[in-house]
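Engineer: Below are the structure tokens for one structure; questions will follow.
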Amino acid sequence: MAGRHLERLALALCLVQASCPDALAATAATFLLETSAPEGFDDLTEPQQLVVDLYYGGREIGAAQVTIDPRFVRFNSPSEVLELLPEVRDTERIISILERPQTRNSHHVCRSNRQIGCGYLMPSEFAVIYDEQLYRLDLFLKRTVATTSGNQ
């Protein structure tokens, strides 16, 4: 029954397109995809100053002030974040990494216990996962950049 309904609908669309190509083209031409924030919500796309909980190796290590925009996280005080990390091999290298904008990677947040392939990154140097619901920022350092004991 549903199959016949779909066949009839498809046939009707073909007939409309054949008999009124200008009307269909005009309708298609008026379609507009808006990618900006709706009126009154512009502030959601502006950078926001927040305090987030920092996690490293699955453990909370402290909190930090960050600037967050729709794509990136920036540490307001990279040296304070460095102090919260376990002993690192090359502090100058870590500071230079922490000074760079970091991709949010919010799509890697685990939303349920059954979800797989989430909550962890294997970065080339450093990466974060920002959970905007919990104001949580998980930090991931490549082993060769990380601690002298080789954790994470």
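Starting from 1 in every chain, residues are counted up; chains themselves are A, B, ... following the order of the structure tokens, and ligands are numbered from 1 as listed.
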Could you give me, as a VMD selection string, the residues within 12 Å of A:Asp53, counting only C-alpha atoms and dropping anything in the same chain fewer than 6 positions from it?

Structural biologist: chain A and resid 59 to 66 81 84 129 to 139

Engineer: Of the candidates A:Val88, A:Tyr56, A:Asn76, A:Glu99, which shows the shortest atom-to-atom distance to A:Leu121, using only C-alpha atoms?

Structural biologist: A:Tyr56

Engineer: I'd like the neighbourhood of A:Ile68 as a list in words, where a residue qualifies if any of its atoms comes within 6 Å (using only C-alpha atoms), though same-chain residues fewer than 3 positions away should be ignored.

Structural biologist: Pro47, Gln48, Phe72 and Val73 of chain A

Engineer: Output C-alpha atoms for every residue in the selection just made, as a PDB file, in the first residue's frame.

Structural biologist:
ATOM      1  CA  PRO A  47      33.969  34.027  21.751  1.00  0.00           C
ATOM      2  CA  GLN A  48      32.999  33.319  25.362  1.00  0.00           C
ATOM      3  CA  PHE A  72      38.325  26.530  19.011  1.00  0.00           C
ATOM      4  CA  VAL A  73      39.413  26.588  22.655  1.00  0.00           C
TER       5      VAL A  73
END

Engineer: Could you please write out, as a PyMOL selection string, every residue of stretch 18-148 of chain A that DSSP assigns to strand (DSSP E)?

Structural biologist: chain A and resi 48-56+59-68+72-75+102-103+126-131+136-141

Engineer: Measure the distance from atom CA of A:Pro70 to atom CA of A:Ser96 in Å and round it to one decimal.

Structural biologist: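 Atom CA of A:Pro70 sits 22.3 Å away from atom CA of A:Ser96.
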